[in-house]
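Below: one structure, written as structure tokens.
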Amino acid sequence: MKSYFSELFRGAWSLILGLKVTIKAMFSPIVTCQYPREKLEITPNYRGHIDLVKFADTGTHKCISCGSCMRECPSDCIVVEGEKREGVKGKVCVVFNLDFTKCSLCGACVEVCPTKTLDYSNDYELAGYERANFHFDLLKRVEERE
Amino acid sequence: MEIFNSLLPELIRIVVCAVCGAVIVFGNALVMGYAERKLAGRIMLRPGPMEVGFHGLYQLVVDGLKLMGKQLVIPVNADKPLYMLAPLLAFAPVFVPLLVLPFSEKIQGFDLDIGMLVILAFASINVLAILIGGWSSNNKYSLFGAIRSVAQNVAYEIPMLISLLAIVFMTNTFSLKEIAAAQSPVWFVVIQPLAFLIYIVAMVAETNRAPFDLPEAESELTAGFHTEYSGMSFSLFVLGEYANMFIVCSVATVFFLGGSSGIPLPFFEYTGIVWFLMKVYLLMFFLVWIRWTYPRTRFDQLMNFCWKYLIPFSLVNLLITVVMVKLV
Amino acid sequence: MSMDIEVLEDSSHHRYVLNMGPQHPSTHGVLRVLLELEGEYAMHLLPVLGYGHRCHEKIAEFKPAKSFMPNTARMDYLGALIYNHGFAQLLEKAVGIEVPERAEYIRVITSELNRIQSHLLWYGAYLLDLGAFTPIMYAFDDREHILDILEDVTGSRLTYCYFRVGGVSKDIDEKFVTKTRAFIDRLRSRYSLYETLVNGNVILENRLNDVGDLNPHTCNRYGITGPLLRGTGVAYDIRRAEPYSIYSQFDFEIPTATKGDCMASFMVRFRELEQSLRIIEQALDGLPEGPVMAAKVPKKLNIPAGDYNSSVESPRGELSFYLVSDGTDVPYRLKVRTPSYSNLSVVPEMCQGMLISDVVSAMGALDLVIPEIDR
Ligand code: SF4
Ligand code: SF4
């Protein structure tokens, strides 16, 4: 009989304590962010899809079409093609396509690049209607970037 | 003609009552729908609806429009007539209790001698609606929800009734107006705190709200009895649920919190409704508050609690009340 | 277990079959469980797997072992770093690469953060299963801080690919250390909130006590590890039983409980939060300077012929990678022993005769991560 009542009171008390926690929360500040209107700053270390770096000294990327990234990529999402040109040492990159639908953001390509011309973008708001929206032409992207 | 003349005021009264009832049902659903989402948001440290209108004020209107525009899906093997009937049955009976509630001294549809019985009788039709809806959906989850709901409601109606009965013994009437009036010096919540507590618990269970929301236990039964319902038929269930909340809270107000009594305002016979609504919404706030605080109980524990705690306590309470009434 | 749905349907007229999943709110992913019910009691249960199978083990046989690292993160999206750890360690063992000390420390710190993050998510989701909607938001509030910290160093928020054979891909900085210390203080200050709102709640106690009883013997038979096993009183934790990395240097307890029910594993997980914080604290205090990558990691990682094994303690139990090599850099066979798979296998026995509500709480206590089962 004693435990019957003590159980009841213990239970009721725990319920009251719970109510206290939530009412306190009701009057504490909001911690979420109204996403499309406010945006949190994301860290510069964020790994979005890969992008060619635009170097200040040359005004463009430094890809030598060595193909290391293509070979290293575990998901085969990079296609690089280069061609020999008159008067230019090494090869000139003419095609650099990334199929982001297959990329696992492992970072192998970035780490292997001998000229450090690959880096992650900070683009986290990717959306599209079809897969082709995520087939990026990185050469075009580097041209378009100011 | 003679008869018509004598009936005319009654007819007008009925029409006015029906219109007011509809206003209350829909207005209450709008207010509560919004308040519930806002409060739930605040408890979870997020702002709740913010997009449609100032601080999301129109959210519920938009949601209502969306639900109206949705297709009514009827499962192939459902029992079609019953399936369509269930939401109506959940929604229609809520108007009747509103007619007998004394919102203030003068604002009351009909002051019936059996007001309390009318309310309890019509409030329990809701169970039938859930049972029919759950059964006719031809879905195992819905059926579980329906079965749970019936067992739960039948069990919890007993302590609810007994706790109210204690008040009836004290006032000697079933008329809600007189019960509210009988609390002029002290509210019954002071004299009958135990009955009040029991009523509150039973009230949560009767309205199928968390922590007793077993009929629609989301994580167990996906959506319980209304798993298959869509569009307007779903929203009728929701409207019915909010109206039921309003009714049980009003009953608590009338029986325990002095009805429309409060600090007198000008034209108090009418403006008492302010106090009445305030008390009702305070209780509703409490319902929302506990919903977003507790986990769900298990079915057998729910029943145990009813049979082992609520019913014995309410019986003892009733007994003491009877003895006291006899002695005093 | 040769039951299938037809057999279930036929077995008795009083019973009927309920299909829980693959899109059920409390199976957290694409797990499907067939329940043969008598009233609300589940008399037979049959988990059906394979809805999210991605052939990870087979993929491993087709490319250089090093390239398999991102796949490990996709198996258990809540313990990605711990999977990274296990796999990196396996290859280091096989090829014989020494990992610099600083890298080991970073691995331990980030792994433990990952473990806390996993436990917090489980905590919230489990309470969601039990019908409490609010705690998950509080848990996510805390978890978000870990994600921010880890994002800053690893670049991702969930499926990290941070560890490399021979170290880690990026060094941590002062900011990481201060933010982690701030998080430790924050989480410690939140215990009382969780304890009053959730752990002491009488409804929760009634839902968890004496539900889903396990004992060490059953655990042995099914190969159950992790908090479930520790909930039965066996203090088995790979970090202590076969210390890997630098775990032997740290002072931490292995929380255990004795009853073996859902409440036991619930409390074990909750208390593990504090132990992980303690490990992180000690690791931060003793963080040495130095490189974070081994100096000489061959580009082509030829694994000497033979078989290799490496086990780590994931938030859900013992995780092992077993690799058979024929001497090339592509594994001949890679077997992953994931804890959730073994833990799930006990469901038919554990949940027999339970109410549906209890099945939900018992399965929630297993902390299943479905992609880990269907890898
Ligand atoms: S990050 Fe990895 S998967 Fe993505 S393109 Fe680079 S190498 Fe390929
Ligand atoms: S590794 Fe670097 S330089 Fe070589 S092809 Fe790729 S991006 Fe160009």
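For the structure tokens, the naming scheme is as follows: chains receive sequential letters (A, B, ...) according to their order of presentation, residues are indexed from 1 within each chain, and ligands are indexed from 1 in presentation order.
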
Task: Every residue of segment 87-161 of chain B that DSSP places in helix (DSSP H, G or I), as a ChimeraX atom specification - done: /B:87-100,115-123,125-136,140-161

Could the residues that lie within 6 Å of ligand 1, counting only C-alpha atoms and all ligand atoms, be listed as a PDB file with all heavy atoms, in the first residue's frame?
ATOM      1  N   CYS A  73      40.588   8.974 -59.054  1.00  0.00           N
ATOM      2  CA  CYS A  73      39.194   9.077 -58.598  1.00  0.00           C
ATOM      3  C   CYS A  73      38.558   7.691 -58.489  1.00  0.00           C
ATOM      4  O   CYS A  73      38.521   6.945 -59.459  1.00  0.00           O
ATOM      5  CB  CYS A  73      38.396   9.928 -59.580  1.00  0.00           C
ATOM      6  SG  CYS A  73      36.652   9.992 -59.157  1.00  0.00           S
ATOM      7  N   PRO A  74      38.077   7.337 -57.308  1.00  0.00           N
ATOM      8  CA  PRO A  74      37.510   5.998 -57.142  1.00  0.00           C
ATOM      9  C   PRO A  74      36.176   5.840 -57.858  1.00  0.00           C
ATOM     10  O   PRO A  74      35.725   4.724 -58.066  1.00  0.00           O
ATOM     11  CB  PRO A  74      37.340   5.862 -55.629  1.00  0.00           C
ATOM     12  CG  PRO A  74      37.316   7.245 -55.110  1.00  0.00           C
ATOM     13  CD  PRO A  74      38.103   8.092 -56.050  1.00  0.00           C
ATOM     14  N   SER A  75      35.533   6.939 -58.192  1.00  0.00           N
ATOM     15  CA  SER A  75      34.204   6.822 -58.789  1.00  0.00           C
ATOM     16  C   SER A  75      34.200   7.170 -60.265  1.00  0.00           C
ATOM     17  O   SER A  75      33.131   7.283 -60.852  1.00  0.00           O
ATOM     18  CB  SER A  75      33.226   7.720 -58.052  1.00  0.00           C
ATOM     19  OG  SER A  75      33.554   7.823 -56.706  1.00  0.00           O
ATOM     20  N   CYS A  77      34.642   9.960 -61.947  1.00  0.00           N
ATOM     21  CA  CYS A  77      33.752  11.043 -62.336  1.00  0.00           C
ATOM     22  C   CYS A  77      34.485  12.191 -63.018  1.00  0.00           C
ATOM     23  O   CYS A  77      33.871  13.190 -63.350  1.00  0.00           O
ATOM     24  CB  CYS A  77      32.919  11.533 -61.171  1.00  0.00           C
ATOM     25  SG  CYS A  77      33.698  11.512 -59.600  1.00  0.00           S
ATOM     26  N   ILE A  78      35.788  12.057 -63.222  1.00  0.00           N
ATOM     27  CA  ILE A  78      36.509  13.148 -63.862  1.00  0.00           C
ATOM     28  C   ILE A  78      36.927  12.727 -65.268  1.00  0.00           C
ATOM     29  O   ILE A  78      37.378  11.602 -65.463  1.00  0.00           O
ATOM     30  CB  ILE A  78      37.755  13.541 -63.050  1.00  0.00           C
ATOM     31  CG1 ILE A  78      37.346  13.954 -61.640  1.00  0.00           C
ATOM     32  CG2 ILE A  78      38.514  14.668 -63.726  1.00  0.00           C
ATOM     33  CD1 ILE A  78      38.508  14.263 -60.756  1.00  0.00           C
ATOM     34  N   CYS A 103      30.337  11.629 -57.590  1.00  0.00           N
ATOM     35  CA  CYS A 103      31.455  12.005 -56.721  1.00  0.00           C
ATOM     36  C   CYS A 103      31.144  11.673 -55.272  1.00  0.00           C
ATOM     37  O   CYS A 103      30.043  11.895 -54.800  1.00  0.00           O
ATOM     38  CB  CYS A 103      31.722  13.498 -56.869  1.00  0.00           C
ATOM     39  SG  CYS A 103      32.903  14.123 -55.699  1.00  0.00           S
ATOM     40  N   SER A 104      32.102  11.114 -54.569  1.00  0.00           N
ATOM     41  CA  SER A 104      31.881  10.805 -53.166  1.00  0.00           C
ATOM     42  C   SER A 104      32.621  11.779 -52.260  1.00  0.00           C
ATOM     43  O   SER A 104      32.710  11.545 -51.071  1.00  0.00           O
ATOM     44  CB  SER A 104      32.311   9.382 -52.870  1.00  0.00           C
ATOM     45  OG  SER A 104      33.646   9.213 -53.273  1.00  0.00           O
ATOM     46  N   LEU A 105      33.138  12.855 -52.811  1.00  0.00           N
ATOM     47  CA  LEU A 105      33.820  13.894 -52.043  1.00  0.00           C
ATOM     48  C   LEU A 105      34.941  13.322 -51.191  1.00  0.00           C
ATOM     49  O   LEU A 105      35.127  13.712 -50.054  1.00  0.00           O
ATOM     50  CB  LEU A 105      32.817  14.642 -51.158  1.00  0.00           C
ATOM     51  CG  LEU A 105      31.774  15.420 -51.949  1.00  0.00           C
ATOM     52  CD1 LEU A 105      30.707  15.945 -51.020  1.00  0.00           C
ATOM     53  CD2 LEU A 105      32.439  16.576 -52.664  1.00  0.00           C
ATOM     54  N   CYS A 106      35.660  12.374 -51.771  1.00  0.00           N
ATOM     55  CA  CYS A 106      36.694  11.736 -50.975  1.00  0.00           C
ATOM     56  C   CYS A 106      37.941  12.611 -50.891  1.00  0.00           C
ATOM     57  O   CYS A 106      38.702  12.516 -49.947  1.00  0.00           O
ATOM     58  CB  CYS A 106      37.058  10.403 -51.587  1.00  0.00           C
ATOM     59  SG  CYS A 106      37.756  10.564 -53.218  1.00  0.00           S
ATOM     60  N   GLY A 107      38.157  13.427 -51.889  1.00  0.00           N
ATOM     61  CA  GLY A 107      39.308  14.313 -51.839  1.00  0.00           C
ATOM     62  C   GLY A 107      40.550  13.743 -52.471  1.00  0.00           C
ATOM     63  O   GLY A 107      41.599  14.389 -52.450  1.00  0.00           O
ATOM     64  N   ALA A 108      40.472  12.563 -53.058  1.00  0.00           N
ATOM     65  CA  ALA A 108      41.670  11.959 -53.648  1.00  0.00           C
ATOM     66  C   ALA A 108      42.220  12.831 -54.769  1.00  0.00           C
ATOM     67  O   ALA A 108      43.432  13.021 -54.883  1.00  0.00           O
ATOM     68  CB  ALA A 108      41.343  10.561 -54.161  1.00  0.00           C
ATOM     69  N   CYS A 109      41.330  13.369 -55.590  1.00  0.00           N
ATOM     70  CA  CYS A 109      41.784  14.168 -56.726  1.00  0.00           C
ATOM     71  C   CYS A 109      42.503  15.419 -56.260  1.00  0.00           C
ATOM     72  O   CYS A 109      43.541  15.801 -56.790  1.00  0.00           O
ATOM     73  CB  CYS A 109      40.607  14.519 -57.617  1.00  0.00           C
ATOM     74  SG  CYS A 109      39.260  15.284 -56.739  1.00  0.00           S
TER      75      CYS A 109
END

Open item on the list: I'd like the neighbourhood of Val92 of chain A as JSON, numbers by chain, where a residue qualifies if any of its atoms comes within 8 Å (using only C-alpha atoms), though same-chain residues fewer than 2 positions away should be ignored.
Closed with: {"A": [63, 64, 65, 82, 83, 84, 85, 88, 90, 94]}

Task: Within 10 Å of ligand 2, counting only C-alpha atoms and all ligand atoms, residues as a PyMOL selection string - done: chain A and resi 50-53+61-73+78-82+91-93+95-96+108-119+138

- [ ] Can you work out the spacing between atom CA of Ala264 of chain C and atom CA of Gly233 of chain C in Å, to one decimal?
- [x]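 Spanning atom CA of Ala264 of chain C to atom CA of Gly233 of chain C is a straight-line distance of 9.1 Å.
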
At most 8 Å is the cut-off: for each residue in chain C with any atom that close to an atom of chain A, write down the nearest atom pair and the distance in Å rounded to one decimal, counting only C-alpha atoms, chain first then increasing number, as a tab-separated table.
residue	atom	partner	partner_atom	distance
C:Lys63	CA	A:Pro74	CA	7.3
C:Ser67	CA	A:Pro74	CA	5.3
C:Phe68	CA	A:Pro74	CA	7.6
C:Met69	CA	A:Cys106	CA	7.7
C:Pro70	CA	A:Cys106	CA	5.7
C:Asp141	CA	A:Val31	CA	7.6
C:Glu151	CA	A:Tyr46	CA	6.5
C:Asp152	CA	A:Asn45	CA	5.7
C:Val153	CA	A:Asn45	CA	6.8
C:Thr154	CA	A:Asn45	CA	7.6
C:Gly155	CA	A:Tyr46	CA	4.2
C:Ser156	CA	A:Arg47	CA	6.1
C:Cys161	CA	A:Cys106	CA	5.6
C:Tyr162	CA	A:Cys106	CA	8.0
C:Leu193	CA	A:Val21	CA	7.0
C:Thr196	CA	A:Gly18	CA	5.9
C:Leu197	CA	A:Gly18	CA	4.4
C:Val198	CA	A:Gly18	CA	7.4
C:Gly200	CA	A:Ser14	CA	6.2
C:Asn201	CA	A:Ser14	CA	5.3
C:Val202	CA	A:Gly11	CA	5.0
C:Ile203	CA	A:Gly11	CA	7.9

TODO: Could you pull out the residues in chain A that DSSP calls strand (DSSP E) from the backbone, as a list in words?
DONE: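 Matching residues, listed in order: Ile50, Asp51, Leu52, Ile78, Val79, Val80, Glu81, Gly82, Glu83, Lys84, Lys91, Val92, Cys93, Val94, Val95, Phe96, Asn97, Leu98, Asp99, Leu118, Asp119, Tyr120, His135, Phe136 and Asp137 of chain A.
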
Task: Residues near Val33 of chain C, cut-off 12 Å, only C-alpha atoms, skip fewer than 2 positions along chain, as a PyMOL selection string - done: chain C and resi 4-5+17-24+26-31+35-36+42+44-51+344-345+347-348+351+356+359-360+363

TODO: Using only C-alpha atoms, select each residue of chain B with any atom at most 8 Å away from an atom of chain A, and give the selection as a ChimeraX atom specification.
DONE: /B:39,42-47,289-290,293-294

Please write the residues from the selection above to a file, keeping N, CA and C atoms, as a PDB file, in the first residue's frame.
ATOM      1  N   LEU B  39       3.368  26.959 -30.230  1.00  0.00           N
ATOM      2  CA  LEU B  39       3.852  26.559 -28.910  1.00  0.00           C
ATOM      3  C   LEU B  39       4.797  25.370 -29.027  1.00  0.00           C
ATOM      4  N   ARG B  42       8.019  26.730 -30.018  1.00  0.00           N
ATOM      5  CA  ARG B  42       8.750  27.406 -28.943  1.00  0.00           C
ATOM      6  C   ARG B  42       9.339  26.403 -27.967  1.00  0.00           C
ATOM      7  N   ILE B  43       8.589  25.347 -27.672  1.00  0.00           N
ATOM      8  CA  ILE B  43       9.121  24.337 -26.748  1.00  0.00           C
ATOM      9  C   ILE B  43      10.357  23.693 -27.349  1.00  0.00           C
ATOM     10  N   MET B  44      10.357  23.527 -28.670  1.00  0.00           N
ATOM     11  CA  MET B  44      11.498  22.896 -29.322  1.00  0.00           C
ATOM     12  C   MET B  44      12.555  23.899 -29.731  1.00  0.00           C
ATOM     13  N   LEU B  45      12.469  25.109 -29.243  1.00  0.00           N
ATOM     14  CA  LEU B  45      13.459  26.153 -29.530  1.00  0.00           C
ATOM     15  C   LEU B  45      13.502  26.539 -31.007  1.00  0.00           C
ATOM     16  N   ARG B  46      12.375  26.431 -31.669  1.00  0.00           N
ATOM     17  CA  ARG B  46      12.314  26.913 -33.050  1.00  0.00           C
ATOM     18  C   ARG B  46      11.093  27.816 -33.164  1.00  0.00           C
ATOM     19  N   PRO B  47      10.984  28.627 -34.222  1.00  0.00           N
ATOM     20  CA  PRO B  47       9.926  29.630 -34.230  1.00  0.00           C
ATOM     21  C   PRO B  47       8.547  29.132 -34.649  1.00  0.00           C
ATOM     22  N   TRP B 289       0.858  21.826 -23.900  1.00  0.00           N
ATOM     23  CA  TRP B 289       2.116  21.771 -23.151  1.00  0.00           C
ATOM     24  C   TRP B 289       2.484  20.336 -22.808  1.00  0.00           C
ATOM     25  N   ILE B 290       1.555  19.576 -22.270  1.00  0.00           N
ATOM     26  CA  ILE B 290       1.922  18.202 -21.909  1.00  0.00           C
ATOM     27  C   ILE B 290       2.130  17.360 -23.146  1.00  0.00           C
ATOM     28  N   THR B 293       5.656  17.407 -24.150  1.00  0.00           N
ATOM     29  CA  THR B 293       6.642  17.140 -23.102  1.00  0.00           C
ATOM     30  C   THR B 293       6.875  15.652 -22.884  1.00  0.00           C
ATOM     31  N   TYR B 294       5.814  14.854 -22.972  1.00  0.00           N
ATOM     32  CA  TYR B 294       5.942  13.471 -22.521  1.00  0.00           C
ATOM     33  C   TYR B 294       6.022  12.470 -23.656  1.00  0.00           C
TER      34      TYR B 294
END

Which chain C residues are at most 6 Å from chain B (counting only C-alpha atoms), as a compact mmCIF listing (two decimals) with N, CA and C atoms, in the first residue's frame?
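So iface-v4.txt came out as:
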# COMPACT_ATOMS: atom_id res chain seq x y z
N PRO C 25 7.46 4.73 -39.81
CA PRO C 25 8.19 5.81 -39.11
C PRO C 25 9.21 5.32 -38.11
N SER C 26 9.05 4.13 -37.56
CA SER C 26 9.99 3.78 -36.49
C SER C 26 10.99 2.72 -36.92
N ASP C 129 10.50 7.55 -31.28
CA ASP C 129 9.80 6.27 -31.37
C ASP C 129 8.85 6.09 -30.21
N LEU C 130 9.27 6.58 -29.06
CA LEU C 130 8.45 6.41 -27.87
C LEU C 130 7.39 7.50 -27.77
N GLY C 131 7.35 8.37 -28.75
CA GLY C 131 6.26 9.35 -28.78
C GLY C 131 6.58 10.70 -28.18
N ALA C 132 7.82 10.93 -27.76
CA ALA C 132 8.16 12.26 -27.24
C ALA C 132 8.82 13.05 -28.36
N THR C 134 9.85 16.34 -28.35
CA THR C 134 10.74 17.46 -28.06
C THR C 134 12.20 17.07 -27.86
N MET C 137 14.80 17.51 -30.58
CA MET C 137 15.23 18.85 -30.96
C MET C 137 16.36 19.32 -30.05
N ILE C 203 6.83 7.86 -17.32
CA ILE C 203 6.27 7.16 -18.50
C ILE C 203 7.38 6.42 -19.23

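Interatomic distance, atom CA of Phe250 of chain C to atom CA of Leu287 of chain C: 12.3 Å.
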
Open item on the list: Report, in Å with one decimal, the straight-line distance from atom CA of Ser111 of chain C to atom CA of Ile82 of chain C.
Closed with: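 Here the two named atoms are 5.5 Å from each other.
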
Task: Nearest candidate to Leu82 of chain B (options B:Trp135, B:Phe313, B:Tyr58, B:Phe122; using only C-alpha atoms) - done: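 Closest to Leu82 of chain B of all the choices is B:Trp135.
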
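Candidate residues C:Arg32, C:Lys93, C:Leu37, C:Pro288 were compared for distance to Tyr322 of chain C, and the nearest is C:Lys93, using only C-alpha atoms.
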